[in-house]
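Raw contents of my_file.cif, mmCIF, C-alpha atoms:
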```cif
data_run
#
loop_
_atom_site.label_atom_id
_atom_site.label_comp_id
_atom_site.auth_asym_id
_atom_site.auth_seq_id
_atom_site.Cartn_x
_atom_site.Cartn_y
_atom_site.Cartn_z
CA ALA A 721 17.03 11.91 -73.69
CA VAL A 722 14.92 11.30 -76.79
CA SER A 723 12.90 8.11 -77.10
CA GLY A 724 11.24 9.13 -80.34
CA GLY A 725 7.85 9.55 -78.67
CA ALA A 726 5.78 12.73 -78.79
CA ASP A 727 6.99 14.26 -75.52
CA SER A 728 10.74 13.93 -76.07
CA VAL A 729 10.48 14.90 -79.76
CA ALA A 730 8.59 18.08 -78.83
CA LEU A 731 11.14 18.85 -76.11
CA LEU A 732 14.02 18.50 -78.57
CA HIS A 733 12.36 20.83 -81.10
CA ALA A 734 11.73 23.39 -78.34
CA LEU A 735 15.33 23.25 -77.08
CA VAL A 736 16.73 23.55 -80.61
CA ALA A 737 14.59 26.67 -81.13
CA LEU A 738 15.82 28.16 -77.85
CA ALA A 739 19.46 27.14 -78.24
CA PRO A 740 20.76 30.32 -79.97
CA ALA A 741 19.18 32.74 -77.49
CA TRP A 742 20.01 30.62 -74.44
CA ARG A 743 23.44 29.55 -75.72
CA LEU A 744 22.62 25.88 -75.32
CA ARG A 745 24.92 23.11 -76.53
CA LEU A 746 22.70 20.12 -77.17
CA SER A 747 23.44 16.42 -77.41
CA VAL A 748 20.88 13.61 -77.66
CA LEU A 749 20.94 10.18 -76.08
CA HIS A 750 18.53 7.49 -77.23
CA VAL A 751 18.36 4.48 -74.90
CA ASP A 752 17.52 1.08 -76.37
CA HIS A 753 16.32 -1.16 -73.54
CA GLY A 754 16.18 -4.21 -75.79
CA LEU A 755 12.55 -4.80 -74.81
CA ARG A 756 10.67 -3.92 -78.00
CA PRO A 757 10.85 -5.62 -81.40
CA ASP A 758 10.91 -2.29 -83.28
CA ALA A 759 13.61 -0.73 -81.07
CA ALA A 760 16.00 -0.48 -84.03
CA ARG A 761 13.46 1.64 -85.93
CA ASP A 762 13.11 3.96 -82.94
CA ALA A 763 16.88 4.44 -82.85
CA GLU A 764 17.02 5.13 -86.58
CA PHE A 765 14.18 7.65 -86.26
CA VAL A 766 16.06 9.54 -83.52
CA ARG A 767 19.31 9.49 -85.51
CA ALA A 768 17.51 10.95 -88.52
CA LEU A 769 15.79 13.56 -86.33
CA GLY A 770 19.11 14.62 -84.85
CA ALA A 771 20.71 14.89 -88.27
CA ARG A 772 17.81 17.04 -89.50
CA LEU A 773 18.04 19.39 -86.51
CA GLY A 774 21.84 19.47 -86.40
CA VAL A 775 22.15 17.76 -83.00
CA PRO A 776 24.57 14.88 -82.40
CA VAL A 777 22.88 11.62 -81.38
CA GLU A 778 24.27 8.72 -79.39
CA VAL A 779 22.40 5.42 -79.09
CA ALA A 780 23.03 3.36 -75.96
CA ARG A 781 21.84 -0.22 -75.63
CA VAL A 782 21.34 -1.26 -72.00
CA ALA A 783 20.73 -4.56 -70.27
CA VAL A 784 17.58 -4.61 -68.14
CA SER A 785 17.57 -6.96 -65.16
CA PRO A 786 14.71 -9.49 -65.35
CA ARG A 787 14.42 -9.55 -61.56
CA GLY A 788 11.75 -7.49 -59.77
CA SER A 789 9.84 -4.70 -61.49
CA LEU A 790 10.63 -4.45 -65.21
CA GLU A 791 9.71 -0.74 -65.21
CA ALA A 792 12.00 0.00 -62.26
CA ALA A 793 14.88 -1.98 -63.78
CA ALA A 794 14.48 -0.20 -67.14
CA ARG A 795 14.40 3.17 -65.37
CA ALA A 796 17.58 2.40 -63.42
CA ALA A 797 19.40 1.26 -66.56
CA ARG A 798 18.20 4.34 -68.47
CA TYR A 799 19.35 6.80 -65.81
CA ALA A 800 22.75 5.11 -65.56
CA ALA A 801 23.14 5.46 -69.34
CA LEU A 802 22.08 9.12 -69.17
CA ALA A 803 24.62 9.89 -66.46
CA ALA A 804 27.40 8.16 -68.40
CA ALA A 805 26.52 10.00 -71.62
CA ALA A 806 26.31 13.37 -69.83
CA ASP A 807 29.75 12.74 -68.38
CA ARG A 808 31.19 11.92 -71.81
CA VAL A 809 29.88 15.09 -73.47
CA GLY A 810 30.47 17.34 -70.47
CA ALA A 811 26.80 18.17 -69.92
CA ALA A 812 25.68 19.84 -66.70
CA ARG A 813 21.96 19.17 -67.21
CA ILE A 814 19.87 16.27 -68.50
CA ALA A 815 16.51 17.32 -69.95
CA LEU A 816 13.62 14.84 -69.83
CA GLY A 817 10.21 15.10 -71.48
CA HIS A 818 7.85 14.38 -68.57
CA THR A 819 4.54 16.23 -68.83
CA ALA A 820 1.66 17.27 -66.58
CA ASP A 821 -0.06 14.02 -67.61
CA ASP A 822 2.92 12.01 -66.36
CA GLN A 823 2.75 13.97 -63.12
CA ALA A 824 -0.96 13.25 -62.61
CA GLU A 825 -0.46 9.54 -63.39
CA THR A 826 2.50 9.32 -61.00
CA VAL A 827 0.63 10.95 -58.12
CA LEU A 828 -2.35 8.62 -58.58
CA MET A 829 -0.13 5.55 -58.91
CA ARG A 830 1.72 6.36 -55.69
CA MET A 831 -1.51 7.19 -53.91
CA LEU A 832 -2.93 3.80 -54.84
CA ARG A 833 0.19 2.01 -53.68
CA GLY A 834 0.29 3.94 -50.42
CA SER A 835 2.91 6.66 -50.26
CA GLY A 836 4.18 9.33 -47.91
CA LEU A 837 4.89 12.96 -48.74
CA MET A 838 8.01 12.14 -50.72
CA GLY A 839 6.05 9.91 -53.11
CA LEU A 840 3.08 12.27 -53.37
CA ALA A 841 5.44 15.09 -54.37
CA GLY A 842 5.49 13.25 -57.68
CA ILE A 843 8.01 14.05 -60.38
CA LEU A 844 10.27 16.94 -59.42
CA PRO A 845 10.91 19.64 -62.06
CA ARG A 846 14.55 19.78 -61.01
CA LYS A 847 16.58 17.14 -59.21
CA LYS A 848 20.26 16.58 -58.49
CA MET A 849 21.59 13.26 -59.73
CA GLY A 850 25.24 12.78 -58.86
CA ASP A 851 27.22 15.45 -60.71
CA PHE A 852 24.27 16.38 -62.94
CA VAL A 853 20.92 18.12 -62.66
CA ILE A 854 17.78 16.52 -64.10
CA ILE A 855 15.40 19.12 -65.54
CA ARG A 856 11.87 18.59 -66.86
CA PRO A 857 10.87 21.69 -68.86
CA LEU A 858 7.51 20.25 -69.99
CA LEU A 859 6.21 19.27 -66.56
CA GLU A 860 3.48 21.93 -66.60
CA ILE A 861 2.46 21.17 -70.21
CA GLN A 862 -0.36 18.70 -70.91
CA ARG A 863 0.07 15.91 -73.45
CA SER A 864 -2.81 17.28 -75.56
CA GLU A 865 -0.89 20.57 -75.96
CA ILE A 866 2.20 18.68 -77.09
CA GLU A 867 0.19 16.71 -79.63
CA THR A 868 -1.23 19.97 -80.97
CA PHE A 869 2.28 21.47 -81.16
CA LEU A 870 3.53 18.54 -83.22
CA ARG A 871 0.45 18.36 -85.45
CA LEU A 872 0.65 22.05 -86.38
CA ARG A 873 4.28 21.57 -87.37
CA LYS A 874 3.51 18.34 -89.23
CA ILE A 875 5.92 16.39 -87.02
CA THR A 876 5.12 12.67 -86.65
CA PRO A 877 6.69 10.97 -83.62
CA ARG A 878 7.13 7.26 -83.02
CA ILE A 879 4.28 5.37 -81.33
CA ASP A 880 5.11 3.03 -78.46
CA ILE A 881 2.45 0.32 -78.59
CA THR A 882 3.31 -0.81 -75.05
CA ASN A 883 1.68 2.43 -73.84
CA GLN A 884 -1.65 0.85 -74.77
CA SER A 885 -1.08 -2.34 -72.81
CA GLU A 886 -3.10 -2.56 -69.62
CA VAL A 887 -0.58 -4.94 -68.10
CA TYR A 888 1.07 -1.87 -66.59
CA LEU A 889 -0.60 0.03 -63.77
CA ARG A 890 0.36 3.41 -65.24
CA ASN A 891 -1.47 2.58 -68.48
CA ARG A 892 -4.60 1.49 -66.61
CA ILE A 893 -4.53 4.76 -64.70
CA ARG A 894 -4.02 6.71 -67.95
CA HIS A 895 -6.71 5.01 -69.99
CA LYS A 896 -9.32 4.17 -67.33
CA LEU A 897 -8.98 5.86 -63.94
CA LEU A 898 -8.20 9.38 -65.17
CA GLY A 899 -11.17 9.17 -67.54
CA GLU A 900 -13.46 8.32 -64.62
CA LEU A 901 -12.02 11.09 -62.43
CA LYS A 902 -12.60 13.65 -65.20
CA LYS A 903 -16.34 13.08 -64.70
CA TYR A 904 -15.94 14.54 -61.18
CA ASN A 905 -13.46 17.24 -62.14
CA PRO A 906 -12.64 18.00 -65.81
CA ASN A 907 -9.39 19.65 -64.63
CA ILE A 908 -8.23 16.64 -62.61
CA LYS A 909 -4.78 16.54 -64.25
CA THR A 910 -4.13 20.18 -63.38
CA VAL A 911 -5.40 19.63 -59.83
CA LEU A 912 -3.17 16.60 -59.26
CA ALA A 913 -0.13 18.37 -60.70
CA ALA A 914 -0.77 21.41 -58.46
CA THR A 915 -1.19 19.14 -55.43
CA ALA A 916 2.16 17.51 -56.16
CA GLU A 917 3.80 20.92 -56.47
CA HIS A 918 2.44 22.06 -53.07
CA ILE A 919 3.49 18.80 -51.39
CA ALA A 920 6.97 19.01 -52.94
CA LEU A 921 7.45 22.50 -51.50
CA ASP A 922 6.39 21.42 -48.01
CA TYR A 923 8.44 18.23 -48.19
CA ASP A 924 11.53 20.18 -49.22
CA TYR A 925 11.27 22.20 -46.01
CA LEU A 926 10.65 19.07 -43.94
CA LEU A 927 13.59 17.33 -45.60
CA ALA A 928 15.93 20.16 -44.58
CA ALA A 929 14.66 19.92 -40.99
CA GLY A 930 15.08 16.15 -41.09
CA SER A 931 18.66 16.47 -42.27
CA LYS A 932 19.48 18.78 -39.36
CA ALA A 933 17.80 16.39 -36.92
CA PHE A 934 19.76 13.45 -38.31
CA GLN A 935 23.05 15.29 -37.89
CA ALA A 936 22.09 16.24 -34.33
CA ILE A 937 21.34 12.67 -33.17
CA LYS A 938 24.01 10.83 -35.18
CA THR A 939 26.93 9.77 -32.97
CA ILE A 940 28.96 7.59 -35.36
CA GLU A 941 28.99 7.26 -39.14
CA THR A 942 31.33 5.05 -41.15
CA GLY A 943 30.90 3.31 -44.47
CA SER A 944 29.39 0.29 -42.75
CA CYS A 945 27.80 1.63 -39.56
CA VAL A 946 25.56 4.51 -38.40
CA ARG A 947 24.57 5.05 -34.77
CA LEU A 948 21.76 7.28 -33.51
CA ASP A 949 21.57 8.60 -29.94
CA LEU A 950 18.45 6.95 -28.47
CA LYS A 951 17.50 9.69 -25.99
CA LYS A 952 17.78 12.40 -28.65
CA PHE A 953 15.81 10.22 -31.07
CA PHE A 954 12.92 9.99 -28.58
CA LEU A 955 12.84 13.81 -28.29
CA LEU A 956 12.26 14.30 -32.03
CA HIS A 957 8.86 14.89 -33.59
CA PRO A 958 7.61 11.61 -35.16
CA ALA A 959 7.97 13.07 -38.67
CA LEU A 960 11.62 13.91 -37.99
CA GLN A 961 12.18 10.45 -36.50
CA ASN A 962 10.95 8.94 -39.76
CA LEU A 963 13.29 11.10 -41.80
CA ALA A 964 16.25 10.39 -39.51
CA LEU A 965 15.71 6.67 -40.09
CA ARG A 966 15.45 7.20 -43.83
CA PHE A 967 18.73 9.17 -43.80
CA THR A 968 20.32 6.35 -41.81
CA PHE A 969 19.34 3.77 -44.43
CA GLU A 970 20.40 6.11 -47.23
CA ARG A 971 23.86 6.63 -45.72
CA LEU A 972 24.53 2.90 -45.94
CA LYS A 973 22.81 2.00 -49.21
CA GLY A 974 23.13 5.25 -51.17
CA ASP A 975 19.37 5.73 -51.66
CA THR A 976 16.08 4.76 -49.98
CA ARG A 977 14.61 2.46 -52.63
CA ARG A 978 12.70 -0.46 -51.11
CA LEU A 979 12.63 1.17 -47.66
CA THR A 980 8.90 1.32 -46.89
CA ALA A 981 6.66 2.94 -44.28
CA ARG A 982 6.19 -0.53 -42.81
CA HIS A 983 9.96 -0.80 -42.23
CA ILE A 984 10.04 2.60 -40.50
CA LYS A 985 7.10 1.62 -38.29
CA GLU A 986 8.80 -1.62 -37.29
CA ILE A 987 12.06 0.17 -36.38
CA LYS A 988 10.17 2.64 -34.19
CA ASP A 989 8.26 -0.21 -32.55
CA MET A 990 11.63 -1.80 -31.76
CA ALA A 991 12.94 1.43 -30.25
CA TYR A 992 9.88 2.01 -28.05
CA ASN A 993 8.60 -1.44 -27.18
CA ARG A 994 11.19 -4.18 -27.61
CA PRO A 995 14.09 -5.32 -25.38
CA ILE A 996 17.71 -4.27 -25.77
CA GLY A 997 19.40 -6.38 -28.43
CA SER A 998 16.33 -6.54 -30.69
CA ILE A 999 17.06 -6.41 -34.42
CA VAL A 1000 15.06 -5.33 -37.48
CA ASP A 1001 16.29 -6.65 -40.82
CA LEU A 1002 15.86 -4.40 -43.86
CA PRO A 1003 16.44 -4.94 -47.60
CA PHE A 1004 19.97 -5.01 -49.02
CA LYS A 1005 21.38 -6.81 -45.95
CA ILE A 1006 21.00 -3.75 -43.73
CA SER A 1007 19.93 -4.29 -40.11
CA LEU A 1008 19.15 -2.01 -37.18
CA ARG A 1009 19.89 -3.14 -33.63
CA LEU A 1010 18.59 -1.59 -30.42
CA ASP A 1011 21.42 -0.99 -27.97
CA LYS A 1012 21.21 0.55 -24.49
CA ALA A 1013 21.99 4.09 -25.61
CA CYS A 1014 21.66 4.00 -29.38
CA ILE A 1015 20.14 2.53 -32.51
CA CYS A 1016 22.89 0.93 -34.56
CA ALA A 1017 22.50 0.44 -38.32
CA TYR A 1018 24.94 -1.89 -40.06
CA PHE A 1019 25.41 -4.39 -42.87
CA ARG A 1020 24.73 -7.92 -41.68
CA ASN A 1021 26.88 -10.90 -42.74
CA ARG A 1022 29.92 -8.75 -43.33
#
```
Before anything else, please render the file you have as structure tokens.
Amino acid sequence: AVSGGADSVALLHALVALAPAWRLRLSVLHVDHGLRPDAARDAEFVRALGARLGVPVEVARVAVSPRGSLEAAARAARYAALAAAADRVGAARIALGHTADDQAETVLMRMLRGSGLMGLAGILPRKKMGDFVIIRPLLEIQRSEIETFLRLRKITPRIDITNQSEVYLRNRIRHKLLGELKKYNPNIKTVLAATAEHIALDYDYLLAAGSKAFQAIKTIETGSCVRLDLKKFFLLHPALQNLALRFTFERLKGDTRRLTARHIKEIKDMAYNRPIGSIVDLPFKISLRLDKACICAYFRNR
């Protein structure tokens, strides 16, 4: 994916340089979200860059839902376009240009919003997405190093003026909060990135244990219903209980977006303190009901 910005342009140049030795077959996708007035110029810049480097370029225009978070909607549309393009060209991996700066900003943003281990693990260097693998080769490289790389090679990327807008929390963190934190630790970006890496490693182990626990207490699973054995649920460590409930939601919805720590806490309160027949309603029309011997998750109004 190449937006035309510094990070993705540097990544493309690096991959082109490595392609002969690593036997890489490269293809570029530029996603036009239809949100910026100069989007057409960005697309033309990426087309010209691809032609210069001998890499085929596809431009995909996506529709971004106006409901909810604009950033989240744009991200979802972008990843869907990436998956579709990767499928068309037969790619096994999708390379993205996230940097150590993006990692530091993400960790701080999730910390401020209140996040568990999964969120504090930040941006993963490698992640399975359907039939593809997302890779982020620049995740340990700071933005200042990328800017130096481009300047020495006299490469001028596109500038996204929305990155200066303080309407977005990420930009406020980038331009204000990180500057303040540098006064306490000049290496704050490196520290935050290293923290995310350590958390990701620990969470990966915990996730594997949570998956085993979920399989051990699950009694029924269909496309519209998941049941958890109540006695076995009570025997789990609280951390594994949390993960079992996340897996339950994920089995029905396909992911855990919009499932919060508050939801998990309410479900556990139902299991421990409320009468049989109690129900907790979750996003996406998913509900959990407390039965005599199990917790039953299902789609309501179906």
(request) Can you pull out every residue within 9 Å of His733 in chain A, counting only C-alpha atoms, but drop anything in the same chain fewer than 5 positions away, and send it as a PyMOL selection string? (result) chain A and resi 728+738+773
Near Ile881 in chain A, counting only C-alpha atoms, which residues have an atom at most 12 Å away, once you skip same-chain residues fewer than 5 positions from it, shown as a PDB file with C-alpha atoms, in the coordinates of the input?
```pdb
ATOM      1  CA  GLY A 725       7.850   9.550 -78.670  1.00  0.00           C
ATOM      2  CA  LEU A 755      12.550  -4.800 -74.810  1.00  0.00           C
ATOM      3  CA  ARG A 756      10.670  -3.920 -78.000  1.00  0.00           C
ATOM      4  CA  PRO A 757      10.850  -5.620 -81.400  1.00  0.00           C
ATOM      5  CA  ASP A 758      10.910  -2.290 -83.280  1.00  0.00           C
ATOM      6  CA  ALA A 759      13.610  -0.730 -81.070  1.00  0.00           C
ATOM      7  CA  GLU A 886      -3.100  -2.560 -69.620  1.00  0.00           C
ATOM      8  CA  ASN A 891      -1.470   2.580 -68.480  1.00  0.00           C
TER       9      ASN A 891
END
```
(request) Name the residues captured by the PyMOL selection byres ((chain A and resi 983-995) around 9) when it is applied to the shown file; answer as a ChimeraX atom specification. (result) /A:950,954,961-962,965-966,979-982,996-1002,1008-1011,1015
(request) With a distance cut-off of 9 Å and all atoms listed in the file, select the neighbouring residues of Val911 in chain A, excluding the residue or stretch itself and same-chain residues fewer than 5 positions from it, and output the selection as an MDAnalysis selection string. (result) chainID A and resid 824 905 916
(message) Let me make sure I understand: among A:Cys1014, A:Leu844, A:Ala803, A:Ile940, which one has the smallest atom-to-atom distance to Lys952 in chain A if we use all atoms listed in the file?
(response) A:Cys1014
